[in-house]
Amino acid sequence: MMNAKEKKEQGNAFSISKQDMAQLMYVFSHDLRNPLINMRALTSDIQMSLEDAGQDPVAVCRAVREELPESLAMMEEVMYRMHHLISGSNEIYHCMFDELECEHIDLTVWVQRELARQKDRMKSTEISVSVGELSTFWADPLAMGRIIKELLDNALRFTPHGGSILVHTETRHGLDVLVVRDSGAGMNQNDLERAFQPFFSVDANRLGMGLAIIKAFVHAHGGQTWCESTLDMGSIFYVAMPHRAIHK
């Protein structure tokens with residue numbers, strides 16, 4: 001049976017989860033509405049073009065040949081965005097409420113596995129990745145794999161051609177912390193405060209789900225994640241698990 005302190009802590013954790021989910025659903029509904037409006041406008045334009053062409057076969061062929069491919073390409077882009085909005089939100093939801101299956105995770109193995117997957121990307125951009133000493137975490141392997149994937153993907157995306165990335169663990173207040181440092185452009189204070197929010201990204205071409213997923217997975221383990229960043233000097237991302245969840 002839980003004592004009063006444990007009940008209070010559990011209640012606070014649940015309140016935080018509800019708060020995060022409320023924010024997620026608000027942004028999700030707002031961001032999903034825009035692609036749907038765009039989709040409706042595109043289908044309406046196609047319909048109007050075909051109606052204007054009337055019964056003239058030449059005009060119909062011209063409308064199909066000249067306007068339809070562009071409209072379909074735009075619709076495909078909208079559907080791609082909708083798919084990632086839905087799948088990303090669903091993943092964050094499960095991060096918050098699904099039970100974790102933790103085991104000993106050798107971070108060296110998982111980091112090297114992800115770097116091997118990113119080998120061609122690193123070669124084309126001439127980005128060097130240095131891997132220092134890595135600890136063993138007690139974590140859900142699928143969750144930890146996703147955390148590492150998103151951290152490295154984020155670092156590679158914002159590190160310039162010929163730049164460098166450093167991955168290692170360090171000890172802070174008795175905790176082992178996974179650290180990923182990039183040599184990118186960094187973030188200003190306003191962007192830094194919003195970095196882990198769902199659907200926020202400094203890259204207009206990205207949906208902004210990666211860091212939000214990291215936060216959800218880390219918090220599901222009872223851990224913490226944060227970022228330090230300076231403009232023109234890069235960013236440093238930290239993932240810390242509770243002391244009881246880390247084994248040397």
# chains A, B, ... in the order shown; residues from 1 in each chain; ligands from 1
$ residues_around --residues "A:Leu72" --least-positions-apart "5" --cutoff "10 Å" --atoms "only C-alpha atoms" --output "ChimeraX atom specification"
/A:39,42-43,46,67,77-78
$ select_by_dssp --residues "stretch 20-242 of chain A" --states "helix (DSSP H, G or I)" --output "PyMOL selection string"
chain A and resi 20-53+57-66+68-97+107-117+119-125+141-158+189-194+210-220
$ atom_distance --atom1 "atom CA of A:Pro242" --atom2 "atom CA of A:Phe217"
13.1 Å
$ select_by_dssp --residues "stretch 45-236 of chain A" --states "strand (DSSP E)" --output "JSON, numbers by chain"
{"A": [103, 104, 105, 106, 128, 129, 130, 131, 136, 137, 138, 139, 164, 165, 166, 167, 168, 169, 170, 171, 172, 175, 176, 177, 178, 179, 180, 181, 182, 224, 225, 226, 227, 228, 229, 230, 234, 235, 236]}
$ residues_around --residues "A:Asn154" --least-positions-apart "6" --cutoff "10 Å" --atoms "only C-alpha atoms" --output "ChimeraX atom specification"
/A:148,180,182,210-211,237
$ write_last_selection --atoms "C-alpha atoms" --output "PDB file, in the first residue's frame"
ATOM      1  CA  ILE A 148      19.061   7.729 -29.347  1.00  0.00           C
ATOM      2  CA  VAL A 180      24.737  14.761 -27.344  1.00  0.00           C
ATOM      3  CA  ASP A 182      26.401  19.362 -31.880  1.00  0.00           C
ATOM      4  CA  GLY A 210      11.242  14.199 -32.411  1.00  0.00           C
ATOM      5  CA  LEU A 211      12.156  16.100 -29.245  1.00  0.00           C
ATOM      6  CA  PHE A 237      20.991  17.746 -25.272  1.00  0.00           C
TER       7      PHE A 237
END
$ closest_residue --among "A:Ser49, A:Gln197, A:Ser183, A:Ser235" --to "A:Ala216" --atoms "only C-alpha atoms"
A:Gln197
$ atom_distance --atom1 "atom CA of A:Gly186" --atom2 "atom CA of A:Glu228"
8.9 Å
$ closest_residue --among "A:Leu107, A:Thr230, A:Lys215, A:Ser130" --to "A:Asn188" --atoms "only C-alpha atoms"
A:Thr230
$ closest_residue --among "A:Met187, A:Val239, A:Val129, A:Leu100" --to "A:Asp153" --atoms "only C-alpha atoms"
A:Val129
$ atom_distance --atom1 "atom CA of A:Asp98" --atom2 "atom CA of A:Met209"
18.5 Å
$ closest_residue --among "A:His104, A:His221, A:Arg172, A:Lys119" --to "A:Ile147" --atoms "only C-alpha atoms"
A:His221
$ closest_residue --among "A:Trp226, A:Leu36, A:Trp110, A:Arg121" --to "A:Glu193" --atoms "only C-alpha atoms"
A:Trp226
